[in-house]
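Below is one structure, written out as structure tokens; comments come after it.
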Amino acid sequence: MWVYLLAGGLLGFALAYLFFELRFRLRLRSLSRSFDVKKGKIVEQLAPYLQSFPYDPHDARFIGNPVDFVVFDGLNAGRDVSIVFVEVKSGKASLNENERRIREAIEKKRIKFEIFRSQ
């Protein structure tokens, strides 16, 4: 009889250990992903000040969503202006559906300028 109790106790201990180990690993993975997201958000906003950023930081305007920056290339230098939409990605991140749709609209030149006058 005591053998069954011992076996049941060991089985219970093993299952409890596996449960808490799994919870710990999932929590660690969640924290790691959370850190990656926060790191990406910081890099997004600092991108114009990185040496590899190809535009004048004074020409870049952070909007964050649905793209990270609108760059008015040449504005600060008084040259002809080109408007560039910049999405900052780090690591293996790829464009989401909305970012792909915006890229397509720009590539197909579905862009216009309007003046809105409030009353």
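If you're wondering about the labels, chains in the structure tokens are A, B, ... by order shown, residues count from 1 in each chain, ligands from 1 in order shown.
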
**Request:** Run DSSP on the backbone of this structure and report the residues of segment 10-79 of chain A it assigns to alpha helix (DSSP H), as an MDAnalysis selection string.
**Result:** chainID A and resid 10:46

**Asked** Could you pull the residues within 12 Å of Ile63 of chain A, counting only C-alpha atoms, minus those fewer than 4 positions along the same chain, as a PyMOL selection string?
**Response** chain A and resi 44-45+67-71+85-88

Residues as selected, N, CA and C atoms, written as a short mmCIF file (atom, residue, chain, number, x, y, z; two decimals), in the first residue's frame, can you do that?
data_model
loop_
_atom_site.label_atom_id
_atom_site.label_comp_id
_atom_site.auth_asym_id
_atom_site.auth_seq_id
_atom_site.Cartn_x
_atom_site.Cartn_y
_atom_site.Cartn_z
N GLU A 44 13.19 52.84 -32.96
CA GLU A 44 12.36 53.59 -33.91
C GLU A 44 12.53 55.09 -33.71
N GLN A 45 12.44 55.55 -32.48
CA GLN A 45 12.48 56.98 -32.23
C GLN A 45 13.89 57.56 -32.33
N VAL A 67 3.18 54.44 -40.14
CA VAL A 67 4.61 54.32 -40.45
C VAL A 67 5.36 55.15 -39.42
N ASP A 68 6.65 54.90 -39.30
CA ASP A 68 7.40 55.55 -38.24
C ASP A 68 7.74 57.01 -38.54
N PHE A 69 8.21 57.28 -39.75
CA PHE A 69 8.65 58.63 -40.08
C PHE A 69 8.15 59.07 -41.44
N VAL A 70 7.93 60.36 -41.56
CA VAL A 70 7.82 61.01 -42.85
C VAL A 70 9.05 61.92 -42.92
N VAL A 71 9.85 61.73 -43.96
CA VAL A 71 11.07 62.52 -44.12
C VAL A 71 10.85 63.47 -45.29
N PHE A 85 8.58 58.03 -46.91
CA PHE A 85 7.97 57.36 -45.76
C PHE A 85 8.96 56.30 -45.30
N VAL A 86 9.31 56.33 -44.01
CA VAL A 86 10.32 55.41 -43.49
C VAL A 86 9.71 54.57 -42.37
N GLU A 87 9.83 53.27 -42.51
CA GLU A 87 9.42 52.33 -41.46
C GLU A 87 10.69 51.72 -40.90
N VAL A 88 10.89 51.81 -39.62
CA VAL A 88 12.09 51.30 -38.96
C VAL A 88 11.80 49.88 -38.45
#

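Comparing A:Ser34, A:Lys39, A:Leu26, A:Gly12 by their smallest distance to Gly91 of chain A, the closest is A:Lys39 (using only C-alpha atoms).
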
Sorted per-residue table, segment 30-74 of chain A near segment 92-105 of chain A, closest atoms and distance, 12 Å, only C-alpha atoms, as JSON lines:
{"residue": "A:Asp36", "atom": "CA", "partner": "A:Ala93", "partner_atom": "CA", "distance": 10.5}
{"residue": "A:Val37", "atom": "CA", "partner": "A:Ala93", "partner_atom": "CA", "distance": 10.3}
{"residue": "A:Gly40", "atom": "CA", "partner": "A:Ala93", "partner_atom": "CA", "distance": 9.5}
{"residue": "A:Gly64", "atom": "CA", "partner": "A:Glu99", "partner_atom": "CA", "distance": 11.6}
{"residue": "A:Asn65", "atom": "CA", "partner": "A:Glu99", "partner_atom": "CA", "distance": 9.2}
{"residue": "A:Pro66", "atom": "CA", "partner": "A:Glu99", "partner_atom": "CA", "distance": 6.6}
{"residue": "A:Val67", "atom": "CA", "partner": "A:Glu99", "partner_atom": "CA", "distance": 6.7}
{"residue": "A:Asp68", "atom": "CA", "partner": "A:Glu99", "partner_atom": "CA", "distance": 10.0}

Residues from the last selection, C-alpha atoms, saved as a short mmCIF file (atom, residue, chain, number, x, y, z; two decimals), in the first residue's frame:
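Listing of part.cif after writing:
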data_model
loop_
_atom_site.label_atom_id
_atom_site.label_comp_id
_atom_site.auth_asym_id
_atom_site.auth_seq_id
_atom_site.Cartn_x
_atom_site.Cartn_y
_atom_site.Cartn_z
CA ASP A 36 12.40 43.07 -27.82
CA VAL A 37 9.27 45.15 -28.45
CA GLY A 40 12.30 48.22 -31.10
CA GLY A 64 4.83 56.25 -35.14
CA ASN A 65 1.74 54.76 -36.71
CA PRO A 66 1.00 53.56 -39.40
CA VAL A 67 4.61 54.32 -40.45
CA ASP A 68 7.40 55.55 -38.24
#

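Interatomic distance, atom CA of His58 of chain A to atom CA of Ser90 of chain A: 22.1 Å.
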
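Straight-line separation from atom CA of Ala47 of chain A to atom CA of Ala60 of chain A: 9.7 Å.
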
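Across the model, the gap from atom CA of Ala77 of chain A to atom CA of Asp56 of chain A is 8.8 Å.
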
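The strand (DSSP E) portion of chain A consists of Ala60, Arg61, Phe62, Phe69, Val70, Val71, Phe72, Asp73, Ser82, Ile83, Val84, Phe85 and Val86 of chain A, with states taken from DSSP on the backbone.
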
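Minimum atom-to-atom distance to Phe113 of chain A, evaluated using only C-alpha atoms, belongs to A:Ile83 out of A:Leu75, A:Ile83, A:Ile42, A:Leu22.
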